[in-house]
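Visitor: Provided below: my_file-v5.csv, containing CSV, C-alpha atoms.
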chain,number,residue,atom,x,y,z
U,1,LEU,CA,99.2,94.3,97.9
U,2,ILE,CA,101.3,95.0,100.9
U,3,ASP,CA,101.7,98.7,99.9
U,4,GLU,CA,98.0,99.0,99.5
U,5,ARG,CA,97.2,97.3,102.8
U,6,GLU,CA,95.0,100.2,103.9
U,7,LEU,CA,92.7,100.0,100.9
U,8,ASP,CA,91.4,96.5,101.6
U,9,GLU,CA,91.9,94.4,104.7
U,10,GLY,CA,92.1,91.3,102.5
U,11,ASN,CA,95.2,92.5,100.6
U,12,MET,CA,97.6,91.4,103.3
U,13,GLU,CA,96.0,88.0,103.5
U,14,GLU,CA,96.2,87.6,99.7
U,15,ALA,CA,99.8,88.7,99.7
U,16,HIS,CA,100.5,86.2,102.5
U,17,GLU,CA,98.9,83.4,100.5
U,18,GLU,CA,100.8,84.2,97.3
U,19,LEU,CA,104.2,84.4,99.1
U,20,VAL,CA,103.7,81.1,100.8
U,21,GLU,CA,102.7,79.5,97.5
U,22,LEU,CA,105.9,80.9,96.0
U,23,ILE,CA,108.0,79.5,98.7
U,24,GLU,CA,106.5,76.1,98.2
U,25,THR,CA,107.7,76.2,94.6
U,26,ASP,CA,111.0,77.8,95.4
U,27,GLU,CA,112.2,77.3,99.0
U,28,ASN,CA,115.3,79.4,98.4
U,29,CYS,CA,113.4,82.6,97.4
U,30,GLY,CA,114.8,84.8,100.2
U,31,TRP,CA,112.9,87.9,99.3
U,32,ALA,CA,109.5,86.1,99.6
U,33,TYR,CA,110.4,85.2,103.2
U,34,GLY,CA,111.4,88.8,103.7
U,35,LEU,CA,108.1,90.1,102.5
U,36,LEU,CA,106.3,87.7,104.8
U,37,ALA,CA,108.4,89.2,107.6
U,38,GLU,CA,107.3,92.6,106.5
U,39,ILE,CA,103.6,91.5,106.6
U,40,TYR,CA,103.9,90.5,110.2
U,41,TYR,CA,105.7,93.7,111.1
U,42,TRP,CA,102.8,95.7,109.8
U,43,MET,CA,100.3,93.4,111.5
U,44,GLY,CA,102.3,94.0,114.7
U,45,GLU,CA,102.1,97.7,114.2
U,46,THR,CA,98.3,97.8,114.1
U,47,ALA,CA,97.7,95.0,116.7
U,48,GLU,CA,96.5,95.4,120.2
U,49,ALA,CA,99.3,95.8,122.8
U,50,GLU,CA,99.0,92.3,124.1
U,51,ASP,CA,99.3,90.8,120.6
U,52,LYS,CA,102.3,92.8,119.3
U,53,LEU,CA,104.9,90.4,120.6
U,54,PHE,CA,103.3,87.5,118.7
U,55,TYR,CA,103.3,89.2,115.4
U,56,TYR,CA,106.8,90.5,115.7
U,57,GLY,CA,107.9,87.1,116.7
U,58,GLU,CA,106.3,85.6,113.6
U,59,GLY,CA,108.1,88.3,111.6
U,60,VAL,CA,111.4,87.2,113.2
U,61,LYS,CA,110.7,83.5,112.2
U,62,TRP,CA,110.1,84.4,108.6
U,63,GLY,CA,113.0,86.7,108.4
U,64,GLU,CA,115.4,84.1,109.9
U,65,GLN,CA,114.2,81.5,107.4
U,66,GLY,CA,114.7,84.0,104.6
U,67,VAL,CA,118.3,84.8,105.6
U,68,GLU,CA,118.9,81.0,105.9
U,69,ALA,CA,117.5,80.5,102.4
U,70,ASP,CA,119.4,83.4,100.9
U,71,GLU,CA,121.9,85.2,103.1
U,72,ASP,CA,122.2,88.0,100.4
U,73,SER,CA,118.5,88.8,100.3
U,74,LEU,CA,118.0,92.5,101.0
U,75,GLU,CA,114.3,92.0,102.0
U,76,ALA,CA,115.0,89.1,104.4
U,77,ASN,CA,117.9,90.9,106.1
U,78,PHE,CA,116.1,94.2,106.4
U,79,TRP,CA,112.7,93.0,107.7
U,80,LEU,CA,114.4,90.6,110.1
U,81,ALA,CA,116.3,93.5,111.6
U,82,VAL,CA,113.1,95.5,111.8
U,83,ASN,CA,111.3,92.7,113.6
U,84,TYR,CA,114.2,92.0,115.9
U,85,GLY,CA,114.0,95.7,116.9
U,86,SER,CA,110.3,95.8,117.4
U,87,TYR,CA,110.3,92.4,119.3
U,88,GLY,CA,113.1,93.7,121.5
U,89,ASN,CA,111.2,97.0,122.1
U,90,GLU,CA,108.2,95.0,123.3
U,91,LYS,CA,110.3,92.7,125.6
U,92,GLY,CA,112.3,95.7,127.0
U,93,ILE,CA,115.8,96.6,126.1
U,94,MET,CA,117.5,95.0,129.1
U,95,LYS,CA,115.8,91.7,128.2
U,96,SER,CA,116.9,92.0,124.6
U,97,LEU,CA,120.6,92.8,124.8
U,98,SER,CA,121.3,89.7,122.8
U,99,LEU,CA,119.5,91.2,119.8
U,100,ILE,CA,121.7,94.3,119.6
U,101,THR,CA,124.6,92.7,117.7
U,102,PRO,CA,122.4,90.9,115.2
U,103,ILE,CA,120.4,94.1,114.5
U,104,LYS,CA,123.6,96.0,113.9
U,105,ASP,CA,125.1,93.3,111.7
U,106,LEU,CA,121.9,93.0,109.6
U,107,SER,CA,121.6,96.8,109.2
U,108,GLU,CA,125.2,97.2,108.1
U,109,LYS,CA,124.8,94.4,105.6
U,110,CYS,CA,121.7,96.1,104.2
U,111,ILE,CA,123.6,99.3,103.9
U,112,GLU,CA,126.1,97.5,101.7
U,113,PHE,CA,123.3,96.0,99.6
U,114,ASP,CA,121.2,99.2,99.2
U,115,GLN,CA,121.3,102.0,101.7
U,116,THR,CA,118.3,103.7,100.1
U,117,TYR,CA,115.9,100.8,100.6
U,118,PHE,CA,112.6,101.7,102.2
U,119,TYR,CA,113.4,105.4,102.6
U,120,GLY,CA,116.9,104.9,104.0
U,121,GLY,CA,115.6,102.0,106.1
U,122,PRO,CA,119.0,100.4,106.9
U,123,TRP,CA,120.3,103.7,108.3
U,124,ARG,CA,117.0,104.3,110.2
U,125,VAL,CA,117.2,100.9,111.9
U,126,LEU,CA,120.9,101.4,112.8
U,127,GLY,CA,120.3,105.0,114.0
U,128,ARG,CA,117.4,103.8,116.2
U,129,LEU,CA,119.5,101.1,117.6
U,130,TYR,CA,122.3,103.4,118.6
U,131,ASN,CA,119.7,105.7,120.3
U,132,LYS,CA,117.9,103.0,122.2
U,133,ALA,CA,120.7,100.6,123.2
U,134,PRO,CA,122.4,101.2,126.5
U,135,GLY,CA,125.8,103.0,126.3
U,136,PHE,CA,129.2,101.9,127.3
U,137,PRO,CA,130.1,99.7,129.1
U,138,ILE,CA,126.9,97.8,128.8
U,139,SER,CA,126.3,98.1,125.0
U,140,ILE,CA,126.9,100.2,121.9
U,141,GLY,CA,124.5,103.1,122.6
U,142,SER,CA,125.7,106.4,121.2
U,143,ASN,CA,123.5,109.5,120.4
U,144,LYS,CA,126.4,110.8,118.2
U,145,LYS,CA,126.4,107.7,116.0
U,146,SER,CA,122.6,107.7,116.1
U,147,LEU,CA,122.4,111.2,114.7
U,148,GLU,CA,124.9,110.4,111.9
U,149,CYS,CA,122.8,107.4,110.9
U,150,LEU,CA,119.4,109.1,111.1
U,151,GLU,CA,120.7,112.1,109.1
U,152,LYS,CA,121.7,109.6,106.4
U,153,ALA,CA,118.2,108.1,106.5
U,154,LEU,CA,116.7,111.5,106.0
U,155,GLU,CA,118.9,111.9,102.9
U,156,TYR,CA,117.1,108.9,101.3
U,157,GLY,CA,113.7,109.5,102.8
U,158,GLU,CA,113.2,113.2,103.5
U,159,ASN,CA,109.4,112.9,103.3
U,160,PHE,CA,109.1,109.6,105.3
U,161,TYR,CA,107.4,110.4,108.6
U,162,LEU,CA,109.3,107.8,110.6
U,163,ASN,CA,112.7,109.3,109.8
U,164,HIS,CA,111.5,112.6,111.3
U,165,LEU,CA,109.9,110.9,114.3
U,166,PHE,CA,113.0,108.9,115.2
U,167,ILE,CA,115.4,111.8,114.9
U,168,ALA,CA,113.0,113.9,116.9
U,169,GLU,CA,113.1,111.3,119.7
U,170,LEU,CA,116.9,111.3,119.5
U,171,TYR,CA,117.0,115.1,119.9
U,172,ILE,CA,114.6,114.8,122.9
U,173,SER,CA,117.0,112.3,124.5
U,174,ASP,CA,119.8,114.7,123.8
U,175,ARG,CA,117.7,117.6,125.4
U,176,ASN,CA,117.7,119.5,122.2
U,177,LYS,CA,114.1,120.7,122.2
U,178,THR,CA,114.5,123.2,119.4
U,179,LYS,CA,115.6,120.5,116.9
U,180,ALA,CA,113.1,118.0,118.1
U,181,ARG,CA,110.3,120.5,117.7
U,182,GLU,CA,111.4,121.2,114.1
U,183,HIS,CA,110.9,117.6,113.1
U,184,LEU,CA,107.7,117.1,115.1
U,185,GLU,CA,106.2,120.1,113.5
U,186,TRP,CA,107.2,118.9,110.1
U,187,ILE,CA,105.2,115.7,110.8
U,188,LEU,CA,102.2,117.7,111.9
U,189,GLU,CA,102.3,119.9,108.8
U,190,ALA,CA,103.1,117.3,106.2
U,191,PRO,CA,100.3,116.0,104.0
U,192,LEU,CA,99.0,112.5,104.4
U,193,ASN,CA,100.5,110.1,101.8
U,194,LYS,CA,97.9,108.4,99.5
U,195,ASN,CA,97.0,104.9,100.6
U,196,HIS,CA,98.9,105.4,103.9
U,197,GLU,CA,96.6,107.9,105.6
U,198,THR,CA,95.9,105.7,108.6
U,199,GLU,CA,99.6,105.0,109.1
U,200,ASP,CA,100.6,108.7,108.8
U,201,GLU,CA,97.8,109.8,111.1
U,202,GLY,CA,99.3,107.5,113.7
U,203,TYR,CA,102.7,109.2,113.3
U,204,LYS,CA,101.0,112.6,113.7
U,205,ARG,CA,99.4,111.5,117.0
U,206,ASP,CA,102.8,110.3,118.2
U,207,ALA,CA,104.3,113.7,117.2
U,208,GLU,CA,101.5,115.6,119.0
U,209,GLU,CA,102.1,113.6,122.2
U,210,LEU,CA,105.8,114.2,122.1
U,211,LEU,CA,105.3,117.9,121.5
U,212,ARG,CA,103.1,118.2,124.5
U,213,LYS,CA,105.9,116.7,126.6
U,214,LEU,CA,108.5,119.2,125.4
Once more with this new file: its structure as structure tokens, please.
Guide:
Amino acid sequence: LIDERELDEGNMEEAHEELVELIETDENCGWAYGLLAEIYYWMGETAEAEDKLFYYGEGVKWGEQGVEADEDSLEANFWLAVNYGSYGNEKGIMKSLSLITPIKDLSEKCIEFDQTYFYGGPWRVLGRLYNKAPGFPISIGSNKKSLECLEKALEYGENFYLNHLFIAELYISDRNKTKAREHLEWILEAPLNKNHETEDEGYKRDAEELLRKL
């Protein structure tokens, strides 16, 4: 239902209801909390700008409950890290420095669990963190470490648009326009994935905007 969220706007609501019912019968089902966090992440991605913080905040709440219920749940750890990142991005990085260590710890934990999850997701989140966090002495930001992580993400998700978009943004911040252009053009030329056309079209618009600024 979550994967087919673009086919019917009721799919996410149905998934939400089923997961809540599952938790009511098994309050220690960590992955169910994790998928609820995923639902709120996707809702945040498509929400109006003024509503994004609310949805990511709800994703954080479900993710935190999931990790509390089962600290070894891949889904709860991963989607909590993702929502922390999106929530922090909306708040502004300097207002979200306290989230950097939790995101790093959660991502590294997910790498131990399954580094291939969600198209190299744990590596993608960690790479994005290193790229966006302030550098020394304020925080852990490092474009070198970011590149290492995002290249690992591409190994496990070579056709996943977001891996290419994030590494393109990294190259832009590193003033490597040639490499950035390679990944942005890949996004523009790649076919839309079935059932995710709207999502992919959004990434293509982002790529077009970044290309215009190069």
Visitor: Find the residues near Lys194 in chain U: any atom within 10 Å, counting all atoms listed in the file, skip ones fewer than 5 places away on the same chain, and give them as an MDAnalysis selection string.
Guide: chainID U and resid 4 6:7 200
Visitor: Fewer than 4 positions away in the same chain doesn't count, so skip those; otherwise give me all residues within 10 Å of range 145-148 of chain U, counting only C-alpha atoms, as a ChimeraX atom specification.
Guide: /U:123-132,140-141,152-153,166-167,170-171
Visitor: Pick out the residues sitting within 10 Å of Met12 in chain U, and hand them over as a CSV table (one decimal) with C-alpha atoms, in the frame of the given file; count only C-alpha atoms, and ignore anything fewer than 4 positions along from it in its own chain.
Guide:
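Output file result_35.csv is given in full below:
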chain,number,residue,atom,x,y,z
U,1,LEU,CA,99.2,94.3,97.9
U,2,ILE,CA,101.3,95.0,100.9
U,3,ASP,CA,101.7,98.7,99.9
U,4,GLU,CA,98.0,99.0,99.5
U,5,ARG,CA,97.2,97.3,102.8
U,6,GLU,CA,95.0,100.2,103.9
U,8,ASP,CA,91.4,96.5,101.6
U,16,HIS,CA,100.5,86.2,102.5
U,17,GLU,CA,98.9,83.4,100.5
U,18,GLU,CA,100.8,84.2,97.3
U,36,LEU,CA,106.3,87.7,104.8
U,39,ILE,CA,103.6,91.5,106.6
U,40,TYR,CA,103.9,90.5,110.2
U,42,TRP,CA,102.8,95.7,109.8
U,43,MET,CA,100.3,93.4,111.5
Visitor: In Å, with one decimal, what is the gap from CA of Ile100 in chain U to CA of Asn176 in chain U?
Guide: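 Between these atoms lies a distance of 25.6 Å.
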Visitor: CA of Tyr156 in chain U to CA of Tyr117 in chain U: how many Å, to one decimal?
Guide: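 Taking CA of Tyr156 in chain U as the start and CA of Tyr117 in chain U as the end point, the length is 8.2 Å.
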Visitor: Would you mind listing what lies within 9 Å of range 65-71 of chain U as a ChimeraX atom specification, with only C-alpha atoms counted and same-chain residues fewer than 2 positions away left out?
Guide: /U:27-34,37,60-63,73-77,80
Visitor: Take the residues that were just selected and, keeping C-alpha atoms, output them as a compact mmCIF listing (two decimals), keeping the file's coordinate frame.
Guide:
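Now in part_22.txt:
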# COMPACT_ATOMS: atom_id res chain seq x y z
CA GLU U 27 112.20 77.30 99.00
CA ASN U 28 115.30 79.40 98.40
CA CYS U 29 113.40 82.60 97.40
CA GLY U 30 114.80 84.80 100.20
CA TRP U 31 112.90 87.90 99.30
CA ALA U 32 109.50 86.10 99.60
CA TYR U 33 110.40 85.20 103.20
CA GLY U 34 111.40 88.80 103.70
CA ALA U 37 108.40 89.20 107.60
CA VAL U 60 111.40 87.20 113.20
CA LYS U 61 110.70 83.50 112.20
CA TRP U 62 110.10 84.40 108.60
CA GLY U 63 113.00 86.70 108.40
CA SER U 73 118.50 88.80 100.30
CA LEU U 74 118.00 92.50 101.00
CA GLU U 75 114.30 92.00 102.00
CA ALA U 76 115.00 89.10 104.40
CA ASN U 77 117.90 90.90 106.10
CA LEU U 80 114.40 90.60 110.10
Visitor: Using all atoms listed in the file, find the one residue out of U:Leu35, U:Cys149, U:Leu210, U:Leu192 that sits nearest to Leu165 in chain U.
Guide: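 Going through U:Leu35, U:Cys149, U:Leu210, U:Leu192 one by one, the smallest distance to Leu165 in chain U is for U:Leu210.
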Visitor: Enter the distance from CA of Tyr56 in chain U to CA of Gly85 in chain U, in Å, rounded to one decimal.
Guide: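 Distance between the two atoms: 9.0 Å.
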